[in-house]
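Below is one structure, written out as structure tokens, with a few remarks after it.
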Amino acid sequence: MKVEEKEHIMTEPKTIPEINKKALIEARNVNVFYGHFQALKDINISMNKNSVTAFIGPSGCGKSTFLRCFNRMNDYIDGYSIKGEIVIDQKKINWKNVVIEELRKEVGMVFQKPNPFPKTIFENVAYGLKIQGIKDKSFIEERVIKSIKDVALWDEVKDDLKKSALALSGGQQQRLCIARTLAVEPKIVLMDEPTSALDPISTASIEELMFELKQKYTIVIVTHNMQQAARISDKTAFFYMGEIIEYDDTKIIFTNPKQEKTQNYITGRFG
Amino acid sequence: MTHLDSELKQIKQQVIEMMSLVRSQLAKGKDAVLTFDKDLVHEINANENRVNAMELNIDRAVEDVLALYSPVAVDLRFVMAAYKISSDLERIADNAVGIAKYINSVDRQLAQKNLDKIRFTEMYENALTMLDNVFEAFEKEDTKLARQVFIKDALLNEINSNAAHIAIELIHAKPEKIHNYLYLLSIIRKLERVGDLTKNIAEELIFYIEAKVLKHQKTTNP
């Protein structure tokens, strides 16, 4: 089924929470279904600009599903439907008339496994710009260099921009993929377990990068690594069986969570 | 039970053992003062090394748990509390040694009537009861019991604040015994300190169990 043919929205929520004007991302009474299975239940959350928000929770709790709602990645899944509203930068993004390409320019995504294209390092980063129809070579070059510098990869690849991206190490490939995402200057960067396939050194460099990136971008990360969530995020949301059990400052979640389920999960006593 | 659970259980057991030894050190200090028994003083001094070793073992166990398990929430609060409690216990034991040390310095047994006048036994018994309260509170994770020490500490403070005046009276009456009376006053000061350290332990317990920080709050009933 083509994306544009699908019905995505739908019923107005019974109660509409007040708009949080500071929020860059806001979900209001979001319910997501895969056929008859309800993957997300009444999700209400807002995320501020230039912050890092971590989604944690056991497998199948709905955190990746929710992350993918922000750039409409779930639209391709048969049986998927969403109720409620997701508002990004004051715009409702799950209406039929939203141009998905425009949305994804604003909301970039980094996946679990580094997925560089079988092209040169330069072409990988320039890809998004070219897709957007930008032809100005000096502009593209400038943006590619800036993006590679932003992910602290420049010193490692500056002499090899014409080499295949596949020749890079896993950690370098992931940073390259982040550079590719940043090249189109999104407002939001979604990261779905971005370091789970990386060694501790590459993980540390990606985490350091996130600290830098949040000066310019708003980051939402799904992670199974509890310590990673604690280290890098400002706010943490704990998901369980499609619901947000607790959402608070990361320091509070990891020192004095209010909900017993959260405490059991983060201390490894779940089940 | 997870590996972390068994590590935490082991630290709790180590703290309980240390509490028991420190309580016995302090109780022996009282007996040494009352009976002028220099063998007890020797015993207290000998046990001091055991107390120190226990503190080091708890430090090491806490360090291992922090490094290997990255505890969070209640587990993190527990290891932080255990670390601080063991330090408080070691200092209580130091005070017990300090009290016992005076027995070697005074020329003869302190007169019971002077001990009564300065309320030595009442203060000592109260300090020991406070310790019993926090120890039981730690074992049972009972913050209500831990809170009892805040009220009891007020009595220690009261006795301590009157002690200087009483010591001066005693010195005036028998100036030749000035050394003994100054030692007696020092013992009272040390007991007051024991009360403060016991209160610290109660605060750590409440922090661990309820995640409430009571430190530096001026109240007798938090």
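By convention in this document, the chains of the structure tokens carry letters A, B, ... by their order, each chain's residues are numbered from 1, and ligands are numbered from 1 in the order they are shown.
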- Neighbours of chain B in chain A at 12 Å, counting only C-alpha atoms, as a PyMOL selection string: chain A and resi 225-231+250-260+262-270
- Message: For Leu176 in chain A, find every residue with an atom within 10 Å (counting only C-alpha atoms), except residues of its own chain fewer than 5 positions away, and show them as a ChimeraX atom specification.
- Response: /A:114-116,121-122,124-125,147-148,151-154,157,165,168,170-171,181-182
- Task: Just the residues within 7 Å of Ala27 in chain A, please, counting only C-alpha atoms, with nothing from its chain fewer than 6 positions along; format it as a ChimeraX atom specification.
- Result: /A:43-46,85-87
- Nearest to Lys41 in chain A: which of A:Lys22, A:Lys158, A:Lys96, A:Lys63 is it, counting only C-alpha atoms? A:Lys63
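Using only C-alpha atoms for every distance, the candidate list B:Ile85, B:Met130, B:Val149, B:Leu40 yields B:Ile85 as the residue closest to Lys12 in chain B.
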- Message: Set the distance at 12 Å and use only C-alpha atoms: which residues neighbour Leu67 in chain A once local chain neighbours fewer than 3 positions away are removed? I'd like the list as a PyMOL selection string.
- Response: chain A and resi 25-27+32+40+43+53-56+61-64+70-74+86+107-111+188-193+219-223+237+239
Got time to write the residues from that selection, C-alpha atoms, as a compact mmCIF listing (two decimals), in the first residue's frame?
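Output below, filename again-v5.txt:
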# COMPACT_ATOMS: atom_id res chain seq x y z
CA ILE A 25 8.09 17.52 19.78
CA GLU A 26 4.79 16.81 21.37
CA ALA A 27 2.59 13.72 21.39
CA VAL A 32 -0.82 3.09 17.62
CA LEU A 40 1.06 2.33 22.00
CA ILE A 43 1.01 8.46 24.93
CA THR A 53 15.57 12.32 25.39
CA ALA A 54 16.12 8.60 25.92
CA PHE A 55 13.42 5.97 25.49
CA ILE A 56 14.09 2.86 27.54
CA CYS A 61 7.39 -2.15 24.76
CA GLY A 62 6.72 0.29 21.90
CA LYS A 63 9.69 2.64 22.21
CA SER A 64 10.96 2.12 18.63
CA PHE A 70 8.15 11.14 14.46
CA ASN A 71 9.28 10.69 10.85
CA ARG A 72 6.42 8.48 9.70
CA MET A 73 8.61 5.42 9.26
CA ASN A 74 5.78 3.17 10.41
CA ILE A 86 2.09 14.25 16.97
CA VAL A 107 13.52 14.79 11.24
CA GLY A 108 16.58 12.69 10.43
CA MET A 109 17.19 9.16 11.59
CA VAL A 110 20.19 7.04 12.52
CA PHE A 111 19.70 3.30 12.70
CA ILE A 188 15.56 16.57 15.12
CA VAL A 189 17.80 13.52 15.03
CA LEU A 190 16.20 10.20 15.91
CA MET A 191 18.58 7.44 16.95
CA ASP A 192 17.42 3.85 17.21
CA GLU A 193 20.04 2.01 19.27
CA ILE A 219 17.94 14.23 19.85
CA VAL A 220 15.67 11.34 20.69
CA ILE A 221 17.39 8.02 21.29
CA VAL A 222 16.12 4.50 21.85
CA THR A 223 18.60 2.48 23.83
CA ALA A 237 10.93 7.92 29.31
CA PHE A 239 8.03 2.40 28.26
- Task: Among the residues of range 13-78 of chain A, find those DSSP assigns to alpha helix (DSSP H) from the backbone and print them as number ranges by chain.
- Result: A: 63-69
Saved selection, atoms kept: N, CA and C atoms, as an mmCIF file, in the first residue's frame:
data_model
loop_
_atom_site.group_PDB
_atom_site.id
_atom_site.type_symbol
_atom_site.label_atom_id
_atom_site.label_comp_id
_atom_site.auth_asym_id
_atom_site.auth_seq_id
_atom_site.Cartn_x
_atom_site.Cartn_y
_atom_site.Cartn_z
ATOM 1 N N LYS A 63 8.832 1.447 22.279
ATOM 2 C CA LYS A 63 9.687 2.641 22.206
ATOM 3 C C LYS A 63 10.156 2.931 20.770
ATOM 4 N N SER A 64 10.532 1.879 20.018
ATOM 5 C CA SER A 64 10.959 2.119 18.626
ATOM 6 C C SER A 64 9.776 2.505 17.757
ATOM 7 N N THR A 65 8.638 1.895 18.020
ATOM 8 C CA THR A 65 7.423 2.256 17.276
ATOM 9 C C THR A 65 7.146 3.747 17.451
ATOM 10 N N PHE A 66 7.257 4.202 18.707
ATOM 11 C CA PHE A 66 6.981 5.614 18.985
ATOM 12 C C PHE A 66 8.007 6.507 18.302
ATOM 13 N N LEU A 67 9.286 6.094 18.363
ATOM 14 C CA LEU A 67 10.343 6.886 17.716
ATOM 15 C C LEU A 67 10.046 7.043 16.224
ATOM 16 N N ARG A 68 9.628 5.927 15.609
ATOM 17 C CA ARG A 68 9.394 5.953 14.156
ATOM 18 C C ARG A 68 8.141 6.748 13.774
ATOM 19 N N CYS A 69 7.306 7.056 14.781
ATOM 20 C CA CYS A 69 6.133 7.912 14.494
ATOM 21 C C CYS A 69 6.575 9.324 14.119
#
Can you pull out the residues contacting Asp132 in chain B? Cut-off 12 Å, using only C-alpha atoms, and skip same-chain residues under 3 positions away; I want them as an mmCIF file with N, CA, C and O atoms, in the first residue's frame.
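Result file is result_8.cif:
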data_model
loop_
_atom_site.group_PDB
_atom_site.id
_atom_site.type_symbol
_atom_site.label_atom_id
_atom_site.label_comp_id
_atom_site.auth_asym_id
_atom_site.auth_seq_id
_atom_site.Cartn_x
_atom_site.Cartn_y
_atom_site.Cartn_z
ATOM 1 N N ILE B 16 26.431 -4.931 59.134
ATOM 2 C CA ILE B 16 25.816 -5.411 60.384
ATOM 3 C C ILE B 16 26.899 -5.944 61.335
ATOM 4 O O ILE B 16 26.884 -5.655 62.537
ATOM 5 N N MET B 19 28.693 -3.033 62.764
ATOM 6 C CA MET B 19 27.842 -2.379 63.769
ATOM 7 C C MET B 19 27.943 -3.109 65.096
ATOM 8 O O MET B 19 28.075 -2.492 66.157
ATOM 9 N N SER B 20 27.896 -4.425 65.028
ATOM 10 C CA SER B 20 27.931 -5.229 66.251
ATOM 11 C C SER B 20 29.255 -5.027 66.997
ATOM 12 O O SER B 20 29.266 -4.845 68.219
ATOM 13 N N VAL B 22 31.321 -2.442 66.740
ATOM 14 C CA VAL B 22 31.439 -1.052 67.206
ATOM 15 C C VAL B 22 30.570 -0.834 68.447
ATOM 16 O O VAL B 22 30.995 -0.194 69.418
ATOM 17 N N ARG B 23 29.403 -1.441 68.461
ATOM 18 C CA ARG B 23 28.513 -1.333 69.623
ATOM 19 C C ARG B 23 29.216 -1.934 70.842
ATOM 20 O O ARG B 23 29.190 -1.382 71.943
ATOM 21 N N SER B 24 29.838 -3.083 70.624
ATOM 22 C CA SER B 24 30.517 -3.745 71.739
ATOM 23 C C SER B 24 31.727 -2.922 72.212
ATOM 24 O O SER B 24 31.986 -2.824 73.413
ATOM 25 N N LEU B 26 31.961 0.359 72.139
ATOM 26 C CA LEU B 26 31.461 1.502 72.895
ATOM 27 C C LEU B 26 30.961 1.056 74.277
ATOM 28 O O LEU B 26 31.225 1.731 75.283
ATOM 29 N N ALA B 27 30.288 -0.081 74.330
ATOM 30 C CA ALA B 27 29.779 -0.588 75.616
ATOM 31 C C ALA B 27 30.951 -0.916 76.557
ATOM 32 O O ALA B 27 30.896 -0.638 77.761
ATOM 33 N N GLU B 125 24.127 5.412 78.376
ATOM 34 C CA GLU B 125 23.040 4.470 78.067
ATOM 35 C C GLU B 125 22.227 4.972 76.875
ATOM 36 O O GLU B 125 21.826 4.204 76.001
ATOM 37 N N ASN B 126 21.986 6.283 76.879
ATOM 38 C CA ASN B 126 21.210 6.874 75.789
ATOM 39 C C ASN B 126 21.942 6.737 74.442
ATOM 40 O O ASN B 126 21.328 6.413 73.415
ATOM 41 N N ALA B 127 23.263 6.958 74.475
ATOM 42 C CA ALA B 127 24.060 6.821 73.236
ATOM 43 C C ALA B 127 24.014 5.381 72.732
ATOM 44 O O ALA B 127 23.875 5.130 71.525
ATOM 45 N N LEU B 128 24.099 4.425 73.660
ATOM 46 C CA LEU B 128 24.040 3.014 73.258
ATOM 47 C C LEU B 128 22.661 2.647 72.710
ATOM 48 O O LEU B 128 22.558 1.901 71.725
ATOM 49 N N THR B 129 21.614 3.203 73.325
ATOM 50 C CA THR B 129 20.256 2.929 72.821
ATOM 51 C C THR B 129 20.085 3.506 71.415
ATOM 52 O O THR B 129 19.472 2.891 70.541
ATOM 53 N N PHE B 135 20.892 0.445 64.396
ATOM 54 C CA PHE B 135 21.313 -0.877 63.922
ATOM 55 C C PHE B 135 20.093 -1.724 63.565
ATOM 56 O O PHE B 135 20.044 -2.364 62.515
ATOM 57 N N GLU B 136 19.098 -1.674 64.454
ATOM 58 C CA GLU B 136 17.872 -2.436 64.183
ATOM 59 C C GLU B 136 17.159 -1.860 62.946
ATOM 60 O O GLU B 136 16.649 -2.603 62.114
ATOM 61 N N ALA B 137 17.184 -0.531 62.865
ATOM 62 C CA ALA B 137 16.553 0.129 61.712
ATOM 63 C C ALA B 137 17.231 -0.302 60.411
ATOM 64 O O ALA B 137 16.567 -0.521 59.393
ATOM 65 N N PHE B 138 18.549 -0.443 60.444
ATOM 66 C CA PHE B 138 19.295 -0.856 59.257
ATOM 67 C C PHE B 138 18.935 -2.288 58.871
ATOM 68 O O PHE B 138 18.682 -2.580 57.697
ATOM 69 N N GLU B 139 18.881 -3.159 59.867
ATOM 70 C CA GLU B 139 18.559 -4.570 59.583
ATOM 71 C C GLU B 139 17.151 -4.707 59.021
ATOM 72 O O GLU B 139 16.925 -5.432 58.071
ATOM 73 N N LEU B 145 12.012 3.718 63.105
ATOM 74 C CA LEU B 145 12.949 3.432 64.190
ATOM 75 C C LEU B 145 14.178 4.340 64.083
ATOM 76 O O LEU B 145 14.678 4.858 65.092
ATOM 77 N N ALA B 146 14.646 4.528 62.862
ATOM 78 C CA ALA B 146 15.819 5.394 62.655
ATOM 79 C C ALA B 146 15.535 6.812 63.138
ATOM 80 O O ALA B 146 16.402 7.474 63.710
ATOM 81 N N GLN B 148 13.846 7.766 65.589
ATOM 82 C CA GLN B 148 13.837 7.919 67.054
ATOM 83 C C GLN B 148 15.129 8.535 67.572
ATOM 84 O O GLN B 148 15.138 9.175 68.621
ATOM 85 N N VAL B 149 16.221 8.332 66.849
ATOM 86 C CA VAL B 149 17.504 8.841 67.357
ATOM 87 C C VAL B 149 17.576 10.369 67.325
ATOM 88 O O VAL B 149 18.320 10.959 68.088
ATOM 89 N N LYS B 152 16.325 11.390 70.656
ATOM 90 C CA LYS B 152 17.249 10.970 71.727
ATOM 91 C C LYS B 152 18.531 11.806 71.723
ATOM 92 O O LYS B 152 19.146 12.023 72.773
ATOM 93 N N GLY B 195 26.779 10.630 69.487
ATOM 94 C CA GLY B 195 25.372 10.913 69.172
ATOM 95 C C GLY B 195 25.227 11.519 67.781
ATOM 96 O O GLY B 195 24.354 11.104 67.009
ATOM 97 N N THR B 198 25.820 8.884 65.172
ATOM 98 C CA THR B 198 24.676 7.960 65.099
ATOM 99 C C THR B 198 23.533 8.617 64.328
ATOM 100 O O THR B 198 22.849 7.966 63.532
ATOM 101 N N LYS B 199 23.376 9.901 64.552
ATOM 102 C CA LYS B 199 22.357 10.651 63.811
ATOM 103 C C LYS B 199 22.682 10.639 62.303
ATOM 104 O O LYS B 199 21.792 10.486 61.475
ATOM 105 N N ILE B 201 24.166 8.284 60.754
ATOM 106 C CA ILE B 201 23.809 6.952 60.245
ATOM 107 C C ILE B 201 22.300 6.897 59.964
ATOM 108 O O ILE B 201 21.870 6.381 58.932
ATOM 109 N N ALA B 202 21.529 7.464 60.900
ATOM 110 C CA ALA B 202 20.065 7.482 60.700
ATOM 111 C C ALA B 202 19.713 8.258 59.429
ATOM 112 O O ALA B 202 18.852 7.843 58.647
#
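You will find CA of Leu197 in chain B at 26.3 Å from CA of Asn114 in chain B.
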- Please measure the separation of CA of Asp64 in chain B and CA of Val51 in chain B, giving the value in Å to one decimal.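 Computing it gives 20.1 Å between the two atoms.
Of the residues listed (B:Leu66, B:Leu131, B:Ile58, B:Val41), B:Val41 shows the shortest atom-to-atom separation from Ile103 in chain B; distances use only C-alpha atoms.
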- Message: I need the residues of range 4-219 of chain A that end up classed as strand (DSSP E or B) by DSSP on the backbone, written out as a PyMOL selection string.
- Response: chain A and resi 23-34+37-48+52-56+80-88+91-92+107-110+120+164+188-192+218-219
- Quick one, how far is CA of Gln13 in chain B from CA of Phe150 in chain B?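 Atom-to-atom, CA of Gln13 in chain B to CA of Phe150 in chain B, that is 24.9 Å.
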